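Visitor: One file is attached below, coords-v7.txt, containing compact mmCIF, C-alpha atoms and all ligand atoms.
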```
# COMPACT_ATOMS: atom_id res chain seq x y z
CA MET A 1 245.09 105.85 281.46
CA LYS A 2 246.10 109.28 280.07
CA MET A 3 243.53 112.05 280.02
CA GLN A 4 242.68 114.03 276.90
CA GLY A 5 240.47 116.97 277.72
CA SER A 6 238.16 115.50 280.29
CA TYR A 7 238.01 112.07 278.62
CA PRO A 8 240.28 109.09 279.12
CA THR A 9 242.04 108.20 275.87
CA ILE A 10 242.59 104.62 274.88
CA PRO A 11 246.37 104.35 274.60
CA VAL A 12 247.42 103.89 271.01
CA LEU A 13 250.71 104.78 269.33
CA ASP A 14 252.21 104.68 265.84
CA GLN A 15 253.10 101.74 263.63
CA ARG A 16 256.69 100.72 263.08
CA GLN A 17 257.81 102.65 266.17
CA GLY A 18 259.61 99.77 267.75
CA SER A 19 258.05 96.65 269.13
CA LEU A 20 256.69 95.49 272.42
CA LYS A 21 258.91 93.33 274.54
CA ILE A 22 258.16 89.64 274.20
CA PRO A 23 257.28 88.42 277.71
CA PRO A 24 259.34 85.74 279.47
CA THR A 25 258.34 82.37 278.11
CA ALA A 26 259.34 79.97 280.89
CA GLY A 27 256.48 77.54 281.36
CA ALA A 28 254.34 79.39 278.82
CA HIS A 29 253.83 76.56 276.41
CA ALA A 30 250.62 74.70 276.96
CA PRO A 31 250.34 72.62 273.79
CA GLY A 32 246.81 72.78 272.44
CA LEU A 33 244.41 75.52 273.27
CA VAL A 34 245.89 78.70 274.75
CA LYS A 35 243.71 81.38 276.37
CA ASP A 36 244.38 85.08 276.84
CA GLY A 37 243.96 87.18 279.99
CA LEU A 38 240.21 87.50 279.32
CA ASN A 39 239.81 83.76 278.75
CA ARG A 40 239.60 84.10 274.96
CA PRO A 41 241.08 81.27 272.87
CA LEU A 42 243.32 81.81 269.84
CA ARG A 43 241.42 80.57 266.80
CA ASP A 44 241.88 82.95 263.91
CA LEU A 45 245.14 84.24 262.38
CA ARG A 46 245.07 87.06 259.84
CA ILE A 47 248.23 87.38 257.83
CA SER A 48 249.03 90.50 255.85
CA VAL A 49 251.18 89.54 252.86
CA THR A 50 251.77 93.04 251.51
CA ASP A 51 251.32 96.64 252.62
CA ARG A 52 250.75 97.77 249.02
CA CYS A 53 247.49 98.17 247.17
CA ASN A 54 246.31 99.17 243.71
CA PHE A 55 243.24 100.95 245.20
CA ARG A 56 243.17 104.10 247.30
CA CYS A 57 239.94 103.62 249.23
CA SER A 58 239.36 106.86 251.07
CA TYR A 59 238.57 105.07 254.34
CA CYS A 60 241.76 102.97 254.25
CA MET A 61 244.60 104.35 252.08
CA PRO A 62 243.67 107.94 251.21
CA LYS A 63 245.60 109.21 248.19
CA GLU A 64 246.88 112.28 249.97
CA VAL A 65 248.81 110.09 252.43
CA PHE A 66 249.55 107.01 250.35
CA ASP A 67 251.09 108.93 247.46
CA LYS A 68 254.16 108.22 245.35
CA ASP A 69 256.43 109.30 248.21
CA TYR A 70 254.91 106.95 250.77
CA ALA A 71 257.56 104.65 252.24
CA TYR A 72 256.26 101.12 251.72
CA LEU A 73 258.21 98.26 253.19
CA PRO A 74 261.18 97.09 251.12
CA HIS A 75 260.91 93.51 249.89
CA SER A 76 263.67 92.40 252.25
CA ALA A 77 261.52 93.44 255.23
CA LEU A 78 258.63 91.18 254.24
CA LEU A 79 258.30 87.77 255.80
CA SER A 80 259.16 85.09 253.25
CA PHE A 81 256.61 82.36 252.58
CA GLU A 82 258.78 79.93 254.56
CA GLU A 83 258.91 82.33 257.52
CA ILE A 84 255.13 82.85 257.39
CA THR A 85 254.49 79.12 257.27
CA ARG A 86 256.87 78.44 260.15
CA ILE A 87 255.16 81.05 262.32
CA ALA A 88 251.67 79.92 261.23
CA LYS A 89 252.49 76.34 262.21
CA GLU A 90 253.16 77.45 265.80
CA PHE A 91 249.88 79.40 265.88
CA VAL A 92 248.06 76.34 264.66
CA GLY A 93 249.68 74.29 267.43
CA LEU A 94 248.13 76.73 269.94
CA GLY A 95 244.58 76.45 268.60
CA VAL A 96 244.31 78.42 265.35
CA GLN A 97 241.84 76.82 262.95
CA LYS A 98 241.35 79.55 260.42
CA ILE A 99 243.85 81.62 258.44
CA ARG A 100 242.86 84.68 256.45
CA LEU A 101 245.33 86.21 253.98
CA THR A 102 244.97 89.93 253.62
CA GLY A 103 246.88 93.17 253.10
CA GLY A 104 247.10 95.70 251.41
CA GLU A 105 245.89 93.82 248.40
CA PRO A 106 247.03 90.20 248.92
CA LEU A 107 246.78 89.27 245.25
CA LEU A 108 249.58 91.75 244.51
CA ARG A 109 252.01 89.47 246.34
CA LYS A 110 253.87 87.46 243.73
CA ASN A 111 253.34 83.69 243.70
CA LEU A 112 250.83 83.81 246.55
CA GLU A 113 249.66 80.36 245.46
CA LEU A 114 252.94 78.92 246.78
CA LEU A 115 252.19 80.26 250.26
CA ILE A 116 248.66 78.86 250.10
CA THR A 117 250.03 75.44 249.17
CA GLN A 118 252.36 75.52 252.18
CA LEU A 119 249.61 76.64 254.57
CA ALA A 120 247.17 74.09 253.21
CA ALA A 121 249.53 71.31 254.31
CA LEU A 122 249.20 72.33 257.99
CA ARG A 123 246.79 70.49 260.29
CA THR A 124 244.91 71.72 263.36
CA THR A 125 245.55 70.19 266.78
CA GLU A 126 242.61 67.87 265.99
CA GLY A 127 244.29 66.81 262.74
CA ALA A 128 241.85 68.66 260.47
CA PRO A 129 242.79 70.86 257.50
CA LEU A 130 242.78 74.59 258.17
CA ASP A 131 240.07 76.89 256.94
CA ILE A 132 242.08 79.09 254.56
CA THR A 133 240.51 82.19 253.15
CA LEU A 134 241.49 85.52 251.61
CA THR A 135 240.11 89.06 251.53
CA THR A 136 240.61 90.89 248.25
CA ASN A 137 239.43 93.97 246.40
CA GLY A 138 238.66 91.59 243.52
CA SER A 139 240.66 93.46 240.90
CA LEU A 140 242.89 90.49 240.07
CA LEU A 141 240.49 87.74 241.01
CA ALA A 142 239.19 86.90 237.54
CA ARG A 143 242.77 86.12 236.52
CA LYS A 144 243.77 84.23 239.66
CA ALA A 145 240.71 82.39 241.01
CA GLN A 146 241.46 79.00 239.43
CA ALA A 147 245.09 78.93 240.56
CA LEU A 148 244.14 80.00 244.10
CA LYS A 149 241.61 77.19 244.34
CA ALA A 150 244.08 74.65 242.96
CA ALA A 151 246.63 75.74 245.59
CA GLY A 152 244.19 74.96 248.41
CA LEU A 153 242.33 78.21 249.09
CA GLN A 154 238.80 77.42 250.24
CA ARG A 155 236.94 80.70 250.12
CA VAL A 156 237.29 84.37 249.30
CA THR A 157 235.79 87.55 250.66
CA VAL A 158 235.56 90.34 248.10
CA SER A 159 235.23 94.00 249.04
CA LEU A 160 232.76 96.03 246.99
CA ASP A 161 231.28 99.31 248.21
CA GLY A 162 228.54 99.87 245.66
CA LEU A 163 227.10 98.93 242.28
CA ASP A 164 227.02 102.41 240.88
CA ASP A 165 230.23 103.03 238.97
CA ALA A 166 230.46 106.68 239.95
CA VAL A 167 230.11 105.85 243.65
CA PHE A 168 232.52 102.93 243.53
CA LYS A 169 235.14 104.79 241.54
CA LYS A 170 234.97 107.67 243.97
CA MET A 171 235.53 105.27 246.86
CA ASN A 172 238.41 103.27 245.33
CA ASP A 173 239.82 106.54 243.95
CA VAL A 174 241.66 104.83 241.08
CA ASP A 175 238.75 104.74 238.63
CA PHE A 176 238.30 100.98 238.96
CA PRO A 177 234.97 99.82 237.48
CA VAL A 178 232.34 97.73 239.28
CA ALA A 179 232.05 95.32 236.34
CA ASP A 180 235.61 94.04 236.81
CA VAL A 181 234.99 93.24 240.49
CA LEU A 182 231.74 91.47 239.57
CA ALA A 183 233.71 89.46 236.98
CA GLY A 184 236.15 88.50 239.75
CA ILE A 185 233.27 87.36 241.98
CA LYS A 186 231.85 85.28 239.14
CA ALA A 187 235.25 83.70 238.45
CA ALA A 188 235.64 82.85 242.13
CA GLN A 189 232.19 81.26 242.17
CA ASP A 190 233.01 79.25 239.05
CA ALA A 191 236.30 78.11 240.60
CA GLY A 192 234.47 76.80 243.69
CA LEU A 193 235.76 79.44 246.11
CA GLY A 194 232.36 79.77 247.74
CA PRO A 195 230.32 80.56 249.65
CA ILE A 196 231.60 83.98 248.65
CA LYS A 197 231.24 86.89 250.99
CA VAL A 198 231.09 90.47 249.78
CA ASN A 199 232.08 93.20 252.23
CA MET A 200 230.61 96.66 251.83
CA VAL A 201 231.92 99.43 254.08
CA VAL A 202 229.06 101.88 254.55
CA LYS A 203 229.80 105.60 254.87
CA ARG A 204 226.90 107.95 255.41
CA GLY A 205 226.49 110.43 252.57
CA THR A 206 228.95 108.53 250.38
CA ASN A 207 227.48 105.11 249.60
CA ASP A 208 224.61 104.44 252.02
CA HIS A 209 222.14 104.84 249.15
CA GLU A 210 223.77 101.71 247.68
CA ILE A 211 222.64 99.47 250.57
CA LEU A 212 219.37 98.40 248.95
CA PRO A 213 220.70 98.05 245.38
CA MET A 214 223.53 95.85 246.68
CA ALA A 215 221.09 93.69 248.66
CA ARG A 216 218.78 93.33 245.66
CA HIS A 217 221.71 92.40 243.44
CA PHE A 218 223.16 89.64 245.64
CA ARG A 219 219.94 88.20 247.13
CA GLY A 220 219.39 84.67 245.84
CA THR A 221 222.86 84.37 244.24
CA GLY A 222 224.60 82.36 246.97
CA VAL A 223 226.82 85.37 247.75
CA VAL A 224 226.63 86.58 251.36
CA LEU A 225 226.66 90.37 251.47
CA ARG A 226 227.95 91.92 254.68
CA PHE A 227 227.62 95.56 255.64
CA ILE A 228 230.55 96.86 257.69
CA GLU A 229 230.35 99.88 259.93
CA TYR A 230 232.97 102.42 258.92
CA MET A 231 235.69 102.12 261.57
CA ASP A 232 238.17 104.48 263.16
CA VAL A 233 241.11 102.27 262.19
CA GLY A 234 244.45 103.88 261.38
CA ALA A 235 245.23 107.55 261.66
CA THR A 236 244.72 108.81 258.14
CA ASN A 237 241.09 108.39 257.13
CA GLY A 238 239.66 111.36 259.07
CA TRP A 239 237.01 109.14 260.69
CA ARG A 240 233.92 110.82 262.10
CA MET A 241 231.18 109.18 264.10
CA ASP A 242 228.47 110.93 262.08
CA GLU A 243 229.65 109.09 258.94
CA VAL A 244 229.01 105.71 260.57
CA VAL A 245 225.72 104.09 259.60
CA PRO A 246 224.82 101.87 262.55
CA SER A 247 224.02 98.28 261.61
CA ALA A 248 220.59 98.64 263.22
CA GLU A 249 219.81 101.32 260.64
CA VAL A 250 221.10 99.12 257.79
CA ILE A 251 218.81 96.30 258.91
CA ALA A 252 215.86 98.70 259.22
CA ARG A 253 216.44 99.97 255.69
CA LEU A 254 216.64 96.41 254.33
CA ARG A 255 213.50 95.42 256.22
CA SER A 256 211.57 98.26 254.66
CA GLU A 257 211.71 96.26 251.45
CA MET A 258 212.75 92.67 252.25
CA PRO A 259 211.57 90.64 255.25
CA LEU A 260 214.46 89.30 257.35
CA VAL A 261 214.80 86.81 260.19
CA ALA A 262 217.71 86.65 262.63
CA LEU A 263 219.98 83.61 262.21
CA GLU A 264 222.32 81.97 264.72
CA ALA A 265 226.05 82.68 264.58
CA CYS A 266 227.95 79.91 262.76
CA ALA A 267 230.92 79.92 265.12
CA PRO A 268 231.93 81.52 268.42
CA GLY A 269 233.84 84.75 267.87
CA GLU A 270 232.15 85.34 264.51
CA THR A 271 232.20 89.04 263.69
CA ALA A 272 229.02 89.25 261.61
CA GLN A 273 225.45 89.08 262.85
CA ARG A 274 223.52 86.98 260.34
CA TRP A 275 220.09 87.73 258.91
CA GLY A 276 218.20 85.41 256.55
CA TYR A 277 215.87 86.58 253.79
CA ALA A 278 212.37 85.39 254.61
CA ASP A 279 209.69 83.91 252.36
CA ALA A 280 206.05 85.04 252.21
CA GLN A 281 205.34 83.07 255.43
CA GLY A 282 208.11 84.90 257.28
CA GLN A 283 210.37 81.83 257.38
CA PHE A 284 214.06 81.85 256.40
CA ASP A 285 214.32 80.90 252.73
CA PRO A 286 217.74 79.32 252.05
CA ALA A 287 217.25 79.89 248.32
CA LEU A 288 217.25 83.65 248.95
CA GLY A 289 220.24 83.37 251.24
CA GLU A 290 221.46 85.72 253.95
CA VAL A 291 223.09 89.06 254.70
CA GLY A 292 225.33 90.04 257.58
CA VAL A 293 226.19 93.16 259.51
CA ILE A 294 229.53 93.81 261.19
CA SER A 295 228.93 96.32 263.96
CA SER A 296 232.48 97.05 265.02
CA VAL A 297 231.53 100.52 266.22
CA THR A 298 228.03 100.28 267.67
CA GLN A 299 228.23 96.78 269.12
CA ALA A 300 231.71 95.75 270.16
CA PHE A 301 232.46 92.06 269.85
CA CYS A 302 235.70 92.09 271.84
CA THR A 303 234.35 89.64 274.43
CA ASP A 304 234.72 86.77 271.97
CA CYS A 305 237.61 88.14 269.92
CA ASN A 306 239.87 85.21 269.07
CA ARG A 307 241.87 86.89 266.29
CA ALA A 308 245.60 87.55 266.05
CA ARG A 309 247.18 89.57 263.25
CA LEU A 310 250.58 89.08 261.70
CA SER A 311 251.84 92.12 259.81
CA THR A 312 253.70 92.00 256.52
CA GLU A 313 257.02 92.32 258.32
CA GLY A 314 256.23 89.81 261.05
CA GLN A 315 254.86 91.95 263.87
CA LEU A 316 252.19 90.19 265.92
CA TYR A 317 249.27 92.51 266.75
CA LEU A 318 246.70 91.50 269.33
CA CYS A 319 244.03 93.96 268.23
CA LEU A 320 243.04 95.76 265.04
CA PHE A 321 243.41 99.00 266.96
CA ALA A 322 246.75 98.20 268.56
CA SER A 323 249.61 100.61 268.17
CA GLN A 324 252.53 98.24 268.50
CA GLY A 325 253.21 94.61 267.85
CA TYR A 326 255.62 91.90 268.93
CA ASP A 327 258.51 91.30 266.57
CA LEU A 328 258.24 87.63 265.61
CA ARG A 329 260.46 88.12 262.56
CA SER A 330 263.44 88.59 264.83
CA LEU A 331 262.76 85.13 266.24
CA VAL A 332 262.79 83.43 262.85
CA ARG A 333 265.34 85.45 260.87
CA HIS A 334 268.35 86.99 262.55
CA PRO A 335 271.08 84.55 263.53
CA GLU A 336 271.52 86.18 266.94
CA GLY A 337 267.81 86.14 267.81
CA MET A 338 266.75 82.97 266.01
CA VAL A 339 264.96 80.38 268.14
CA ASP A 340 263.78 76.82 267.56
CA ASP A 341 260.14 75.96 266.89
CA ARG A 342 259.43 75.11 270.50
CA ALA A 343 260.72 78.49 271.73
CA LEU A 344 258.78 80.28 268.98
CA GLY A 345 255.58 78.55 270.12
CA ASP A 346 256.43 79.46 273.73
CA ALA A 347 256.84 83.11 272.79
CA ILE A 348 253.50 83.25 270.93
CA SER A 349 251.80 81.44 273.80
CA ALA A 350 253.22 83.87 276.37
CA ILE A 351 252.17 86.88 274.29
CA TRP A 352 248.63 85.57 273.87
CA GLN A 353 248.31 84.72 277.56
CA GLY A 354 249.18 88.33 278.40
CA ARG A 355 246.53 89.76 276.06
CA SER A 356 243.76 91.97 277.45
CA ASP A 357 242.98 94.10 274.33
CA ARG A 358 239.36 95.22 273.95
CA TYR A 359 239.52 98.53 272.14
CA SER A 360 235.94 98.65 270.82
CA LEU A 361 234.50 97.83 274.22
CA LEU A 362 236.51 100.67 275.76
CA ARG A 363 235.58 103.08 272.97
CA ALA A 364 231.91 102.37 273.59
CA THR A 365 232.32 103.74 277.11
CA LEU A 366 233.36 107.15 275.74
CA PRO A 367 230.86 109.86 274.82
CA PRO A 368 230.33 110.20 271.03
CA GLU A 369 232.44 113.36 270.70
CA ALA A 370 235.45 111.58 272.21
CA GLN A 371 235.21 108.46 270.03
CA GLY A 372 237.85 108.04 267.34
CA THR A 373 240.12 110.52 269.09
CA GLY A 374 243.36 109.63 270.79
CA ALA A 375 246.85 108.94 269.58
CA ARG A 376 247.82 107.32 266.29
CA ARG A 377 247.12 103.69 265.51
CA VAL A 378 248.48 101.17 263.08
CA GLU A 379 247.08 101.43 259.53
CA MET A 380 244.68 98.75 258.33
CA SER A 381 246.64 98.34 255.09
CA TYR A 382 249.64 97.40 257.25
CA ILE A 383 248.07 94.70 259.42
CA GLY A 384 245.13 93.78 257.23
CA GLY A 385 241.43 93.79 258.10
N1 LIG B 401 242.56 94.94 249.94
C1 LIG B 401 241.74 93.90 250.42
C2 LIG B 401 240.29 94.33 250.42
O1 LIG B 401 240.00 95.51 250.31
O2 LIG B 401 239.44 93.45 250.55
C3 LIG B 401 242.13 93.36 251.78
C4 LIG B 401 242.59 94.34 252.82
S1 LIG B 401 241.35 95.48 253.40
C5 LIG B 401 242.26 96.40 254.60
C6 LIG B 401 240.29 94.41 254.35
C7 LIG B 401 238.91 94.90 254.63
O3 LIG B 401 238.97 96.01 255.48
C8 LIG B 401 238.14 95.34 253.40
O4 LIG B 401 236.89 94.67 253.34
C9 LIG B 401 237.93 96.81 253.64
O5 LIG B 401 236.73 97.28 253.09
C10 LIG B 401 237.94 96.90 255.13
N2 LIG B 401 238.26 98.22 255.67
C11 LIG B 401 239.33 99.00 255.38
N3 LIG B 401 239.27 100.17 256.06
C12 LIG B 401 238.12 100.13 256.79
C13 LIG B 401 237.48 101.05 257.68
N4 LIG B 401 238.00 102.23 257.97
N5 LIG B 401 236.32 100.66 258.26
C14 LIG B 401 235.78 99.46 257.98
N6 LIG B 401 236.33 98.56 257.15
C15 LIG B 401 237.48 98.89 256.55
FE1 LIG B 402 243.30 98.61 249.30
FE2 LIG B 402 241.64 97.03 250.57
FE3 LIG B 402 242.50 99.28 251.73
FE4 LIG B 402 240.86 99.46 249.67
S1 LIG B 402 240.40 98.52 251.66
S2 LIG B 402 242.75 100.63 249.95
S3 LIG B 402 241.43 97.75 248.45
S4 LIG B 402 243.74 97.53 251.21
FE1 LIG B 403 239.17 92.23 268.73
FE2 LIG B 403 240.38 94.57 269.12
FE3 LIG B 403 238.32 94.39 267.41
FE4 LIG B 403 237.92 94.17 270.06
S1 LIG B 403 238.63 95.96 268.98
S2 LIG B 403 237.03 92.85 268.47
S3 LIG B 403 239.79 93.10 270.70
S4 LIG B 403 240.32 93.37 267.20
```
Can you dump the structure from the file as C-alpha cells?
Guide:
Amino acid sequence: MKMQGSYPTIPVLDQRQGSLKIPPTAGAHAPGLVKDGLNRPLRDLRISVTDRCNFRCSYCMPKEVFDKDYAYLPHSALLSFEEITRIAKEFVGLGVQKIRLTGGEPLLRKNLELLITQLAALRTTEGAPLDITLTTNGSLLARKAQALKAAGLQRVTVSLDGLDDAVFKKMNDVDFPVADVLAGIKAAQDAGLGPIKVNMVVKRGTNDHEILPMARHFRGTGVVLRFIEYMDVGATNGWRMDEVVPSAEVIARLRSEMPLVALEACAPGETAQRWGYADAQGQFDPALGEVGVISSVTQAFCTDCNRARLSTEGQLYLCLFASQGYDLRSLVRHPEGMVDDRALGDAISAIWQGRSDRYSLLRATLPPEAQGTGARRVEMSYIGG
C-alpha cells in the first residue's frame, strides 16, 4: 500500500482510465452460487443506464464540474438494452436475485420500459422472478410510474433530501421543487410500485434540520424513509468528515421525539439498519411503519457486501469506491473480442472469485483526518449508487 504523509492510502484511481485485466477463466465457471475471495456471494447487480442527470446535487454532480463542457459518454458507448440483458442473464446464472437500475438519472434513458420488460423475463437459479427495482430523483416519476409498473418494475426508491423548498432546491441546484417529487412518490404508490423507499442524504449544516420534518411527513404513510450518511464517493464533491452526520446521531434525534425499536434485517447484505416506530407501549407499530439508516461511513458493511455494479458503458465495478472496472462490453460487442454466453459467465465468475474489495472497512482504520483522502475514484453518477 502506498503511503501518503504518514497514513496508508487506499489505492484508488480515475474512471475511464483503461480497464483491469479480466483474469484467466479456465475452470472458473461454477454454475449457481459464486463466492468472492472473502466468501461473499453475488446477489445484487446495480446497472447504470445513463451517466446524465437533470439535477446537479452538490454531493454527486456539482455544477462546477458537470457543466456544459463536461464530456458525457456518447450514445454509441452505452450498452444497448440487448447487451445489458445478455450480461445480466449471466449474473443471474451466478446467483444474482436483485437488479437495481440507476444512473445518473435512469428515467432519462429513452424507452427504459423495454429494458425492464427484458429483465423481467429472466429467472433466478431457483426459477423465481428477479426483484427489479430502480433509484430515481423522482422528477419524471409522475409521468412514468404506470408504464414502469406495466413493464415489470416492482419497486422504486426515490431520493429526496428535504421538504423545505429552499433547502431542496439548493441541494439539487436546478431549482427543482419538492412538490413535484412528492407527486412522483404518490404516482408510484398509486401504480403499485411499493413499498416505496425514500433516500435522504444528510449533510451537516445543509439539510440535517430536515431530519425530523421528513420523518414526521413519511411516518404512517407506508413509505420507508432512509437516512444516508454523506459519502466520500467520487472525486468532485469536496467531501469532509465533519459534514457527515453519523447514523447514531440521526437515530438519537428521531428518538427525542418518536420512540423507535430496532428491527431485524430483511435480507443478508442489506445496507440499511431498520428501526420501527413504536406505539405507546413501546412495541413496533406496523401502521406507523419504519425508518432506516445507511451508515456507509461510520459502520462499514463490507463484510456482507454482495453487490456488483455495471457502468453505463459496460465496465464491471466490484466496489462503489473502485477506481477501475472490467470491460465486459468488449466481450459482448466487438467482433474480435466477442465471446459466447458460457465464456461471458466464466469471465464474470472469475472476476467475482478474485474480489477482495472492502473500501469502507479499510477507511475506518484510518484516523479521521486521513479519511476521504487518497487518489481519485469513479464518480457515483457514472456507476450509480
Ligand atoms: N439519480 C438517481 C437518484 O438520485 O436517486 C439515481 C442515481 S444516485 C447516484 C443514487 C443514490 O446515491 C441517490 O439516493 C443519491 O442521493 C445517492 N448519493 C449520491 N451521492 C452521494 C454521496 N456523496 N453520499 C451518499 N449518497 C449519495
Ligand atoms: Fe443526479 Fe441522482 Fe446524482 Fe442527484 S444524486 S445529481 S439526482 S444522479
Ligand atoms: Fe461494498 Fe465497497 Fe461499499 Fe464495502 S465499500 S460495502 S465493498 S461497495
Visitor: Check which residues fall inside 8 Å of ligand LIG 402 (chain B) when counting only C-alpha atoms and all ligand atoms, and print them as a list in words.
Guide: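 Every residue with an atom at most 8 Å from ligand LIG 402 (chain B) is listed here: Asp51, Arg52, Cys53, Asn54, Phe55, Arg56, Cys57, Ser58, Tyr59, Cys60, Met61, Pro62, Gly103, Gly104, Glu105, Thr136, Asn137, Ser159, Asn172, Met380, Ser381 and Gly384 of chain A.
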Visitor: Once you count all atoms listed in the file, which residues end up within 8 Å of ligand LIG 403 (chain B), and could you hand them over as a PyMOL selection string?
Guide: chain A and resi 271+296+300-308+318-322+356-361
Visitor: Expressed in Å to a single decimal, how great is the separation between atom CA of A:Pro129 and atom CA of A:Leu79?
Guide: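 Going from atom CA of A:Pro129 over to atom CA of A:Leu79, I get 23.0 Å.
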Visitor: Go ahead and fit an axis-aligned box to every listed atom of ligand LIG 401 (chain B) plus 3 Å each side, and pass me the centre and edge lengths in Å, one decimal, as lines of an AutoDock Vina configuration file.
Guide:
```
center_x = 239.2
center_y = 97.8
center_z = 254.1
size_x = 12.8
size_y = 14.9
size_z = 14.3
```
Visitor: What does the distance from atom CA of A:Asp327 to atom CA of A:Leu20 come to in Å, to one decimal?
Guide: 7.4 Å
Visitor: Between A:Thr102, A:Ser256, A:Gln97, A:Thr298, which has the minimum distance to ligand LIG 401 (chain B) (counting only C-alpha atoms and all ligand atoms)?
Guide: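 Comparing A:Thr102, A:Ser256, A:Gln97, A:Thr298 against ligand LIG 401 (chain B), the winner is A:Thr102.
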Visitor: Leaving out A:Asp36 and any residue of its chain fewer than 5 positions from it, which residues lie within 7 Å of it when counting all atoms listed in the file, given as JSON, numbers by chain?
Guide: {"A": [41, 352, 353, 354, 355, 356]}
Visitor: Could you write those residues out with C-alpha atoms, as a tab-separated table (two decimals), keeping the file's coordinate frame?
Guide:
```tsv
chain	number	residue	atom	x	y	z
A	41	PRO	CA	241.08	81.27	272.87
A	352	TRP	CA	248.63	85.57	273.87
A	353	GLN	CA	248.31	84.72	277.56
A	354	GLY	CA	249.18	88.33	278.40
A	355	ARG	CA	246.53	89.76	276.06
A	356	SER	CA	243.76	91.97	277.45
```
Visitor: So the first atom is atom CA of A:Val261 and the second is atom CA of A:Val293; what is the distance between them in Å, to one decimal place?
Guide: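 For atom CA of A:Val261 relative to atom CA of A:Val293, the distance reads 13.1 Å.
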Visitor: Give me the residues within 8 Å of A:Val245 as a PDB file with C-alpha atoms, in the coordinates of the input, counting only C-alpha atoms and dropping any in the same chain fewer than 5 places off.
Guide:
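Below is the file around.pdb, written as the result:
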```pdb
ATOM      1  CA  VAL A 202     229.060 101.880 254.550  1.00  0.00           C
ATOM      2  CA  LYS A 203     229.800 105.600 254.870  1.00  0.00           C
ATOM      3  CA  ARG A 204     226.900 107.950 255.410  1.00  0.00           C
ATOM      4  CA  ASP A 208     224.610 104.440 252.020  1.00  0.00           C
ATOM      5  CA  GLU A 229     230.350  99.880 259.930  1.00  0.00           C
ATOM      6  CA  TYR A 230     232.970 102.420 258.920  1.00  0.00           C
ATOM      7  CA  VAL A 250     221.100  99.120 257.790  1.00  0.00           C
TER       8      VAL A 250
END
```
Visitor: Taking (223.4, 82.8, 263.3) as a centre in this file's frame and 12 Å as the limit, can you find every polymer residue with an atom that close, using only C-alpha atoms, and give them as a list in words?
Guide: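 Output: Val261, Ala262, Leu263, Glu264, Ala265, Cys266, Ala267, Pro268, Gly269, Glu270, Thr271, Ala272, Gln273, Arg274, Trp275, Gly276, Phe284, Glu290, Val291, Gly292 and Val293 of chain A.
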Visitor: Can you pull out every residue within 10 Å of A:Glu90, counting all atoms listed in the file, but drop anything in the same chain fewer than 5 positions away, and send it as a PDB file with C-alpha atoms, in the coordinates of the input?
Guide:
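Output contents, as saved in out.pdb:
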```
ATOM      1  CA  PRO A  31     250.340  72.620 273.790  1.00  0.00           C
ATOM      2  CA  THR A  85     254.490  79.120 257.270  1.00  0.00           C
ATOM      3  CA  GLY A  95     244.580  76.450 268.600  1.00  0.00           C
ATOM      4  CA  VAL A  96     244.310  78.420 265.350  1.00  0.00           C
ATOM      5  CA  ASP A 341     260.140  75.960 266.890  1.00  0.00           C
ATOM      6  CA  ARG A 342     259.430  75.110 270.500  1.00  0.00           C
ATOM      7  CA  ALA A 343     260.720  78.490 271.730  1.00  0.00           C
ATOM      8  CA  LEU A 344     258.780  80.280 268.980  1.00  0.00           C
ATOM      9  CA  GLY A 345     255.580  78.550 270.120  1.00  0.00           C
ATOM     10  CA  ASP A 346     256.430  79.460 273.730  1.00  0.00           C
ATOM     11  CA  ALA A 347     256.840  83.110 272.790  1.00  0.00           C
ATOM     12  CA  ILE A 348     253.500  83.250 270.930  1.00  0.00           C
ATOM     13  CA  SER A 349     251.800  81.440 273.800  1.00  0.00           C
TER      14      SER A 349
END
```
Visitor: Looking at A:Asn199, A:Thr221, A:Thr365, A:Ser311, which one is nearest to ligand LIG 401 (chain B), with distances taken over all atoms listed in the file?
Guide: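 Of the candidates, the smallest distance to ligand LIG 401 (chain B) is held by A:Asn199.
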Visitor: Could you check which of A:Met231, A:Ala142, A:Leu33, A:Ala350 is closest to A:Ala191, using all atoms listed in the file?
Guide: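 Comparing A:Met231, A:Ala142, A:Leu33, A:Ala350 against A:Ala191, the winner is A:Ala142.
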Visitor: Identify which of the residues A:Val156, A:Leu119, A:Leu112, A:Ile251 lies closest to ligand LIG 401 (chain B), counting only C-alpha atoms and all ligand atoms when measuring atom-to-atom distances.
Guide: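 Going through A:Val156, A:Leu119, A:Leu112, A:Ile251 one by one, the smallest distance to ligand LIG 401 (chain B) is for A:Val156.
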